[in-house]
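Novice: What follows is the file coords-v1.cif, containing mmCIF, C-alpha atoms:
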data_input
#
loop_
_atom_site.group_PDB
_atom_site.id
_atom_site.type_symbol
_atom_site.label_atom_id
_atom_site.label_comp_id
_atom_site.auth_asym_id
_atom_site.auth_seq_id
_atom_site.Cartn_x
_atom_site.Cartn_y
_atom_site.Cartn_z
ATOM 1 C CA MET A 28 0.000 0.000 0.000
ATOM 2 C CA LYS A 29 2.662 2.504 1.051
ATOM 3 C CA VAL A 30 5.056 1.455 -1.709
ATOM 4 C CA LEU A 31 2.369 2.310 -4.270
ATOM 5 C CA GLY A 32 1.744 5.738 -2.739
ATOM 6 C CA TYR A 33 -1.513 5.030 -0.896
ATOM 7 C CA SER A 34 -1.855 6.515 2.575
ATOM 8 C CA LYS A 35 -5.425 5.349 3.320
ATOM 9 C CA TRP A 36 -6.433 1.708 3.490
ATOM 10 C CA SER A 37 -9.918 2.529 2.196
ATOM 11 C CA ASN A 38 -8.468 3.914 -1.066
ATOM 12 C CA PHE A 39 -6.099 0.996 -1.509
ATOM 13 C CA LYS A 40 -8.880 -1.491 -0.717
ATOM 14 C CA LYS A 41 -10.835 -0.132 -3.707
ATOM 15 C CA VAL A 42 -7.859 -0.930 -5.949
ATOM 16 C CA ILE A 43 -7.602 -4.432 -4.477
ATOM 17 C CA ASP A 44 -11.315 -4.970 -5.111
ATOM 18 C CA LYS A 45 -10.931 -3.876 -8.749
ATOM 19 C CA ALA A 46 -7.928 -6.199 -9.128
ATOM 20 C CA LYS A 47 -10.001 -9.061 -7.687
ATOM 21 C CA VAL A 48 -12.694 -8.408 -10.308
ATOM 22 C CA SER A 49 -10.022 -8.536 -13.040
ATOM 23 C CA CYS A 50 -8.727 -11.792 -11.590
ATOM 24 C CA LYS A 51 -12.211 -13.341 -11.454
ATOM 25 C CA LEU A 52 -13.114 -12.254 -14.993
ATOM 26 C CA SER A 53 -9.850 -13.796 -16.216
ATOM 27 C CA ASN A 54 -10.834 -17.103 -14.575
ATOM 28 C CA GLY A 55 -8.222 -16.651 -11.841
ATOM 29 C CA ASN A 56 -8.569 -18.086 -8.350
ATOM 30 C CA ILE A 57 -9.131 -15.078 -6.089
ATOM 31 C CA GLN A 58 -8.423 -17.016 -2.872
ATOM 32 C CA GLU A 59 -5.096 -18.191 -4.311
ATOM 33 C CA HIS A 60 -3.931 -14.796 -5.531
ATOM 34 C CA PHE A 61 -5.447 -12.628 -2.755
ATOM 35 C CA ALA A 62 -5.112 -14.801 0.360
ATOM 36 C CA ASP A 63 -6.996 -13.113 3.208
ATOM 37 C CA VAL A 64 -4.701 -13.385 6.232
ATOM 38 C CA GLY A 65 -6.019 -10.610 8.483
ATOM 39 C CA LYS A 66 -3.886 -9.440 11.374
ATOM 40 C CA VAL A 67 -4.348 -8.153 14.892
ATOM 41 C CA LEU A 68 -3.001 -4.749 15.882
ATOM 42 C CA ILE A 69 -2.470 -3.582 19.444
ATOM 43 C CA VAL A 70 -3.996 -0.129 19.846
ATOM 44 C CA GLY A 71 -4.443 2.233 22.799
ATOM 45 C CA ASN A 72 -4.882 0.655 26.231
ATOM 46 C CA ASP A 73 -3.472 -2.615 24.828
ATOM 47 C CA ALA A 74 -6.763 -3.250 23.039
ATOM 48 C CA LYS A 75 -6.643 -5.620 20.077
ATOM 49 C CA MET A 76 -8.130 -4.682 16.742
ATOM 50 C CA GLU A 77 -8.428 -7.073 13.799
ATOM 51 C CA VAL A 78 -7.680 -5.542 10.410
ATOM 52 C CA GLU A 79 -7.766 -6.823 6.847
ATOM 53 C CA ASP A 80 -4.522 -7.964 5.292
ATOM 54 C CA TYR A 81 -3.564 -10.056 2.284
ATOM 55 C CA HIS A 82 -0.750 -12.224 1.042
ATOM 56 C CA LEU A 83 -0.532 -11.425 -2.658
ATOM 57 C CA THR A 84 0.903 -13.471 -5.487
ATOM 58 C CA ARG A 85 2.988 -11.786 -8.141
ATOM 59 C CA TYR A 86 -0.050 -11.937 -10.432
ATOM 60 C CA ALA A 87 -2.170 -10.122 -7.830
ATOM 61 C CA CYS A 88 0.485 -7.416 -7.555
ATOM 62 C CA TYR A 89 0.434 -6.950 -11.343
ATOM 63 C CA LEU A 90 -3.349 -6.594 -11.284
ATOM 64 C CA ILE A 91 -3.185 -4.074 -8.437
ATOM 65 C CA VAL A 92 -0.697 -1.913 -10.359
ATOM 66 C CA GLN A 93 -2.798 -2.173 -13.516
ATOM 67 C CA ASN A 94 -5.887 -1.044 -11.589
ATOM 68 C CA GLY A 95 -4.148 1.617 -9.510
ATOM 69 C CA ASP A 96 -4.324 5.389 -9.763
ATOM 70 C CA SER A 97 -2.077 6.292 -12.701
ATOM 71 C CA ARG A 98 -1.723 9.830 -11.335
ATOM 72 C CA LYS A 99 0.626 8.296 -8.742
ATOM 73 C CA GLU A 100 4.125 8.219 -10.231
ATOM 74 C CA VAL A 101 4.986 4.728 -8.969
ATOM 75 C CA ILE A 102 1.742 3.314 -10.436
ATOM 76 C CA ALA A 103 2.378 5.037 -13.777
ATOM 77 C CA LEU A 104 5.925 3.659 -13.841
ATOM 78 C CA GLY A 105 4.627 0.168 -13.030
ATOM 79 C CA GLN A 106 1.998 0.315 -15.761
ATOM 80 C CA SER A 107 4.608 1.514 -18.242
ATOM 81 C CA TYR A 108 6.981 -1.272 -17.161
ATOM 82 C CA PHE A 109 4.328 -3.938 -17.803
ATOM 83 C CA ALA A 110 3.524 -2.448 -21.208
ATOM 84 C CA VAL A 111 7.214 -2.483 -22.200
ATOM 85 C CA GLN A 112 7.698 -6.064 -20.932
ATOM 86 C CA THR A 113 4.614 -7.214 -22.837
ATOM 87 C CA ARG A 114 5.994 -5.677 -26.025
ATOM 88 C CA LYS A 115 9.395 -7.317 -25.474
ATOM 89 C CA THR A 116 7.669 -10.680 -25.089
ATOM 90 C CA GLU A 117 5.682 -10.128 -28.274
ATOM 91 C CA LEU A 118 8.857 -9.297 -30.186
ATOM 92 C CA THR A 119 10.733 -12.278 -28.726
ATOM 93 C CA GLU A 120 7.905 -14.654 -29.581
ATOM 94 C CA GLY A 121 7.745 -13.227 -33.100
ATOM 95 C CA LYS A 122 11.478 -13.715 -33.604
ATOM 96 C CA PHE A 123 11.353 -17.207 -32.070
ATOM 97 C CA SER A 124 8.640 -18.360 -34.446
ATOM 98 C CA SER A 125 10.813 -17.317 -37.413
ATOM 99 C CA LEU A 126 13.733 -19.557 -36.326
ATOM 100 C CA ASP A 127 14.344 -22.955 -37.878
ATOM 101 C CA GLU A 128 14.130 -26.052 -35.626
ATOM 102 C CA SER A 129 17.868 -26.170 -34.968
ATOM 103 C CA GLN A 130 17.943 -22.506 -33.919
ATOM 104 C CA LYS A 131 14.869 -23.035 -31.700
ATOM 105 C CA ARG A 132 16.595 -25.959 -29.942
ATOM 106 C CA LEU A 133 19.739 -23.875 -29.388
ATOM 107 C CA TYR A 134 17.714 -20.921 -28.085
ATOM 108 C CA THR A 135 15.758 -23.215 -25.746
ATOM 109 C CA ARG A 136 18.950 -24.911 -24.526
ATOM 110 C CA MET A 137 20.535 -21.528 -23.720
ATOM 111 C CA ASN A 138 17.360 -20.378 -21.984
ATOM 112 C CA VAL A 139 17.274 -23.539 -19.822
ATOM 113 C CA ARG A 140 20.982 -23.126 -19.061
ATOM 114 C CA ASN A 141 20.451 -19.549 -17.880
ATOM 115 C CA LYS A 142 17.462 -20.547 -15.742
ATOM 116 C CA ASN A 143 19.478 -23.390 -14.188
ATOM 117 C CA LEU A 144 22.349 -21.008 -13.391
ATOM 118 C CA TYR A 145 19.861 -18.733 -11.640
ATOM 119 C CA LEU A 146 18.289 -21.700 -9.807
ATOM 120 C CA PHE A 147 21.652 -22.991 -8.566
ATOM 121 C CA GLU A 148 22.784 -19.526 -7.506
ATOM 122 C CA THR A 149 19.551 -19.154 -5.526
ATOM 123 C CA ALA A 150 20.026 -22.639 -4.029
ATOM 124 C CA LYS A 151 23.622 -21.762 -3.085
ATOM 125 C CA ASN A 152 22.439 -18.583 -1.357
ATOM 126 C CA ALA A 153 19.857 -20.664 0.519
ATOM 127 C CA GLY A 154 22.595 -22.975 1.812
ATOM 128 C CA VAL A 155 22.317 -25.957 -0.554
ATOM 129 C CA LYS A 156 25.609 -27.891 -0.602
ATOM 130 C CA ASN A 157 24.835 -30.997 -2.670
ATOM 131 C CA TYR A 158 23.650 -29.733 -6.055
ATOM 132 C CA GLY A 159 23.416 -33.223 -7.553
ATOM 133 C CA LYS A 160 20.982 -34.317 -4.865
ATOM 134 C CA PHE A 161 19.117 -31.008 -5.123
ATOM 135 C CA ASN A 162 18.758 -31.451 -8.885
ATOM 136 C CA ASN A 163 17.731 -35.096 -8.534
ATOM 137 C CA TYR A 164 14.943 -34.215 -6.094
ATOM 138 C CA GLY A 165 13.646 -31.725 -8.637
ATOM 139 C CA TYR A 166 13.470 -34.416 -11.310
ATOM 140 C CA GLN A 167 11.863 -36.876 -8.877
ATOM 141 C CA SER A 168 9.108 -34.421 -7.939
ATOM 142 C CA TYR A 169 8.469 -33.645 -11.609
ATOM 143 C CA ILE A 170 8.185 -37.364 -12.426
ATOM 144 C CA MET A 171 5.811 -37.878 -9.489
ATOM 145 C CA MET A 172 3.666 -34.956 -10.658
ATOM 146 C CA ARG A 173 3.502 -36.463 -14.156
ATOM 147 C CA GLN A 174 2.552 -39.863 -12.727
ATOM 148 C CA GLN A 175 -0.288 -38.257 -10.744
ATOM 149 C CA GLU A 176 -1.431 -36.450 -13.884
ATOM 150 C CA ILE A 177 -1.460 -39.719 -15.846
ATOM 151 C CA LEU A 178 -3.316 -41.544 -13.062
ATOM 152 C CA LEU A 179 -5.968 -38.815 -12.945
ATOM 153 C CA LYS A 180 -6.455 -39.002 -16.724
ATOM 154 C CA GLU A 181 -6.828 -42.808 -16.545
ATOM 155 C CA LYS A 182 -9.671 -42.411 -14.013
ATOM 156 C CA GLU A 183 -11.629 -40.103 -16.323
#
Written as structure tokens, how would this file's structure read?

Specialist:
Amino acid sequence: MKVLGYSKWSNFKKVIDKAKVSCKLSNGNIQEHFADVGKVLIVGNDAKMEVEDYHLTRYACYLIVQNGDSRKEVIALGQSYFAVQTRKTELTEGKFSSLDESQKRLYTRMNVRNKNLYLFETAKNAGVKNYGKFNNYGYQSYIMMRQQEILLKEKE
């Protein structure tokens, strides 16, 4: 709320409500993206007051910026950022579709390599020591997810 330049909860709540409508109309799960966690504040005379609060996904944050007051500089910058990133993605996808199969494989391989470098750097910063085991657990969970998916399809 404060990061986006809102000083009153009531004004920010209106933006959240608009973002929730956008989420719902886009077939998003509101409870997943706008988890209501409420919190208790201690006010005068040690009285407790429950207030609304949310844990937001990245998607929810995007929707809040898109539905925010564009007269606020930080909101305008956020909206502009998303527009630029969307255009970059469109251009990248356009260029990718024009590549031959060999070039697509090379591009995909480099993309996966870069993502893995980022993943392992993050794991290192989190204290992971055995990268082989870490990587293996990732593959195991993926295989288990696929097995569950296949089992669910067989039941249908």

Novice: Could you please determine the separation between CA of His82 in chain A and CA of His60 in chain A in Å, to one decimal place?

Specialist: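 Computing the Euclidean distance for CA of His82 in chain A and CA of His60 in chain A yields 7.7 Å.
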
Novice: Can you list, as an NGL selection string, every protein, DNA or RNA residue that comes within 8 Å of Lys66 in chain A when you count all atoms listed in the file, leaving out same-chain residues fewer than 6 positions away?

Specialist: :A and (77-80)

Novice: Here is a test: counting only C-alpha atoms, which residue of A:Thr116, A:Leu83, A:Lys99, A:Phe147 is nearest to Val30 in chain A?

Specialist: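 Under the stated criterion, the closest residue is A:Lys99.
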
Novice: Rank A:Ile170, A:Tyr134, A:Ser97, A:Glu148 by their smallest atom-to-atom distance to Lys122 in chain A, using all atoms listed in the file, and report the top residue only.

Specialist: A:Tyr134

Novice: So the first atom is CA of Gly95 in chain A and the second is CA of Val42 in chain A; what is the distance between them in Å, to one decimal place?

Specialist: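 Taking CA of Gly95 in chain A as the start and CA of Val42 in chain A as the end point, the length is 5.7 Å.
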
Novice: With only C-alpha atoms counted, which protein, DNA or RNA residues have an atom no more than 10 Å from (-1.6, -9.7, -11.2) in the file frame? Please answer as a list in words.

Specialist: Ala46, Lys47, Ser49, Cys50, Gly55, His60, Phe61, Leu83, Thr84, Arg85, Tyr86, Ala87, Cys88, Tyr89, Leu90, Ile91, Val92, Gln93 and Asn94 of chain A

Novice: State, in Å with one decimal place, the distance from CA of Leu179 in chain A to CA of Tyr166 in chain A.

Specialist: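 These two atoms are separated by 20.0 Å.
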
Novice: Taking the file as shown, find all residues satisfying the PyMOL selection byres ((chain A and resi 31) around 10) and write them as a compact mmCIF listing (two decimals) with C-alpha atoms, in the frame of the given file.

Specialist:
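Written output follows (result.txt):
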# COMPACT_ATOMS: atom_id res chain seq x y z
CA MET A 28 0.00 0.00 0.00
CA LYS A 29 2.66 2.50 1.05
CA VAL A 30 5.06 1.46 -1.71
CA GLY A 32 1.74 5.74 -2.74
CA TYR A 33 -1.51 5.03 -0.90
CA SER A 34 -1.86 6.52 2.58
CA PHE A 39 -6.10 1.00 -1.51
CA ILE A 91 -3.18 -4.07 -8.44
CA VAL A 92 -0.70 -1.91 -10.36
CA GLY A 95 -4.15 1.62 -9.51
CA ASP A 96 -4.32 5.39 -9.76
CA LYS A 99 0.63 8.30 -8.74
CA GLU A 100 4.12 8.22 -10.23
CA VAL A 101 4.99 4.73 -8.97
CA ILE A 102 1.74 3.31 -10.44
CA ALA A 103 2.38 5.04 -13.78
CA GLY A 105 4.63 0.17 -13.03

Novice: With N, CA and C atoms retained, output range 73-109 of chain A as an mmCIF file, in the first residue's frame.

Specialist:
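The result, stored in selection_11.cif:
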data_model
loop_
_atom_site.group_PDB
_atom_site.id
_atom_site.type_symbol
_atom_site.label_atom_id
_atom_site.label_comp_id
_atom_site.auth_asym_id
_atom_site.auth_seq_id
_atom_site.Cartn_x
_atom_site.Cartn_y
_atom_site.Cartn_z
ATOM 1 N N ASP A 73 -3.757 -1.211 25.168
ATOM 2 C CA ASP A 73 -3.472 -2.615 24.828
ATOM 3 C C ASP A 73 -4.669 -3.356 24.247
ATOM 4 N N ALA A 74 -5.609 -2.610 23.685
ATOM 5 C CA ALA A 74 -6.763 -3.250 23.039
ATOM 6 C C ALA A 74 -6.316 -3.861 21.717
ATOM 7 N N LYS A 75 -6.972 -4.939 21.329
ATOM 8 C CA LYS A 75 -6.643 -5.620 20.077
ATOM 9 C C LYS A 75 -7.703 -5.287 19.035
ATOM 10 N N MET A 76 -7.223 -5.017 17.824
ATOM 11 C CA MET A 76 -8.130 -4.682 16.742
ATOM 12 C C MET A 76 -7.740 -5.522 15.526
ATOM 13 N N GLU A 77 -8.702 -6.264 14.980
ATOM 14 C CA GLU A 77 -8.428 -7.073 13.799
ATOM 15 C C GLU A 77 -8.607 -6.216 12.552
ATOM 16 N N VAL A 78 -7.630 -6.306 11.658
ATOM 17 C CA VAL A 78 -7.680 -5.542 10.410
ATOM 18 C C VAL A 78 -7.464 -6.481 9.228
ATOM 19 N N GLU A 79 -7.952 -6.042 8.074
ATOM 20 C CA GLU A 79 -7.766 -6.823 6.847
ATOM 21 C C GLU A 79 -6.314 -6.785 6.421
ATOM 22 N N ASP A 80 -5.852 -7.905 5.871
ATOM 23 C CA ASP A 80 -4.522 -7.964 5.292
ATOM 24 C C ASP A 80 -4.511 -9.124 4.301
ATOM 25 N N TYR A 81 -3.625 -9.046 3.329
ATOM 26 C CA TYR A 81 -3.564 -10.056 2.284
ATOM 27 C C TYR A 81 -2.128 -10.496 2.031
ATOM 28 N N HIS A 82 -1.984 -11.743 1.654
ATOM 29 C CA HIS A 82 -0.750 -12.224 1.042
ATOM 30 C C HIS A 82 -1.060 -12.261 -0.445
ATOM 31 N N LEU A 83 -0.268 -11.567 -1.229
ATOM 32 C CA LEU A 83 -0.532 -11.425 -2.658
ATOM 33 C C LEU A 83 0.477 -12.223 -3.478
ATOM 34 N N THR A 84 -0.013 -12.851 -4.534
ATOM 35 C CA THR A 84 0.903 -13.471 -5.487
ATOM 36 C C THR A 84 1.447 -12.376 -6.396
ATOM 37 N N ARG A 85 2.430 -12.740 -7.175
ATOM 38 C CA ARG A 85 2.988 -11.786 -8.141
ATOM 39 C C ARG A 85 1.888 -11.316 -9.099
ATOM 40 N N TYR A 86 1.055 -12.260 -9.522
ATOM 41 C CA TYR A 86 -0.050 -11.937 -10.432
ATOM 42 C C TYR A 86 -0.985 -10.898 -9.797
ATOM 43 N N ALA A 87 -1.304 -11.078 -8.525
ATOM 44 C CA ALA A 87 -2.170 -10.122 -7.830
ATOM 45 C C ALA A 87 -1.522 -8.738 -7.800
ATOM 46 N N CYS A 88 -0.223 -8.700 -7.570
ATOM 47 C CA CYS A 88 0.485 -7.416 -7.555
ATOM 48 C C CYS A 88 0.413 -6.735 -8.920
ATOM 49 N N TYR A 89 0.566 -7.517 -9.994
ATOM 50 C CA TYR A 89 0.434 -6.950 -11.343
ATOM 51 C C TYR A 89 -0.952 -6.338 -11.518
ATOM 52 N N LEU A 90 -1.975 -7.093 -11.112
ATOM 53 C CA LEU A 90 -3.349 -6.594 -11.284
ATOM 54 C C LEU A 90 -3.593 -5.336 -10.462
ATOM 55 N N ILE A 91 -3.020 -5.266 -9.282
ATOM 56 C CA ILE A 91 -3.185 -4.074 -8.437
ATOM 57 C C ILE A 91 -2.550 -2.868 -9.123
ATOM 58 N N VAL A 92 -1.355 -3.031 -9.659
ATOM 59 C CA VAL A 92 -0.697 -1.913 -10.359
ATOM 60 C C VAL A 92 -1.511 -1.510 -11.583
ATOM 61 N N GLN A 93 -2.015 -2.483 -12.319
ATOM 62 C CA GLN A 93 -2.798 -2.173 -13.516
ATOM 63 C C GLN A 93 -4.089 -1.435 -13.168
ATOM 64 N N ASN A 94 -4.630 -1.672 -11.992
ATOM 65 C CA ASN A 94 -5.887 -1.044 -11.589
ATOM 66 C C ASN A 94 -5.694 0.151 -10.669
ATOM 67 N N GLY A 95 -4.442 0.512 -10.419
ATOM 68 C CA GLY A 95 -4.148 1.617 -9.510
ATOM 69 C C GLY A 95 -4.337 2.981 -10.152
ATOM 70 N N ASP A 96 -4.162 3.992 -9.343
ATOM 71 C CA ASP A 96 -4.324 5.389 -9.763
ATOM 72 C C ASP A 96 -3.087 5.831 -10.543
ATOM 73 N N SER A 97 -3.226 5.967 -11.846
ATOM 74 C CA SER A 97 -2.077 6.292 -12.701
ATOM 75 C C SER A 97 -1.558 7.718 -12.493
ATOM 76 N N ARG A 98 -2.246 8.503 -11.676
ATOM 77 C CA ARG A 98 -1.723 9.830 -11.335
ATOM 78 C C ARG A 98 -0.592 9.717 -10.317
ATOM 79 N N LYS A 99 -0.479 8.546 -9.673
ATOM 80 C CA LYS A 99 0.626 8.296 -8.742
ATOM 81 C C LYS A 99 1.819 7.840 -9.581
ATOM 82 N N GLU A 100 2.955 8.488 -9.393
ATOM 83 C CA GLU A 100 4.125 8.219 -10.231
ATOM 84 C C GLU A 100 4.520 6.747 -10.219
ATOM 85 N N VAL A 101 4.545 6.120 -9.049
ATOM 86 C CA VAL A 101 4.986 4.728 -8.969
ATOM 87 C C VAL A 101 4.019 3.798 -9.718
ATOM 88 N N ILE A 102 2.730 4.111 -9.692
ATOM 89 C CA ILE A 102 1.742 3.314 -10.436
ATOM 90 C C ILE A 102 1.966 3.511 -11.936
ATOM 91 N N ALA A 103 2.145 4.757 -12.352
ATOM 92 C CA ALA A 103 2.378 5.037 -13.777
ATOM 93 C C ALA A 103 3.641 4.332 -14.268
ATOM 94 N N LEU A 104 4.690 4.348 -13.463
ATOM 95 C CA LEU A 104 5.925 3.659 -13.841
ATOM 96 C C LEU A 104 5.696 2.148 -13.937
ATOM 97 N N GLY A 105 4.940 1.593 -12.997
ATOM 98 C CA GLY A 105 4.627 0.168 -13.030
ATOM 99 C C GLY A 105 3.819 -0.208 -14.257
ATOM 100 N N GLN A 106 2.827 0.581 -14.576
ATOM 101 C CA GLN A 106 1.998 0.315 -15.761
ATOM 102 C C GLN A 106 2.837 0.394 -17.028
ATOM 103 N N SER A 107 3.727 1.370 -17.090
ATOM 104 C CA SER A 107 4.608 1.514 -18.242
ATOM 105 C C SER A 107 5.558 0.320 -18.339
ATOM 106 N N TYR A 108 6.088 -0.110 -17.195
ATOM 107 C CA TYR A 108 6.981 -1.272 -17.161
ATOM 108 C C TYR A 108 6.290 -2.495 -17.747
ATOM 109 N N PHE A 109 5.047 -2.760 -17.307
ATOM 110 C CA PHE A 109 4.328 -3.938 -17.803
ATOM 111 C C PHE A 109 4.046 -3.833 -19.304
#
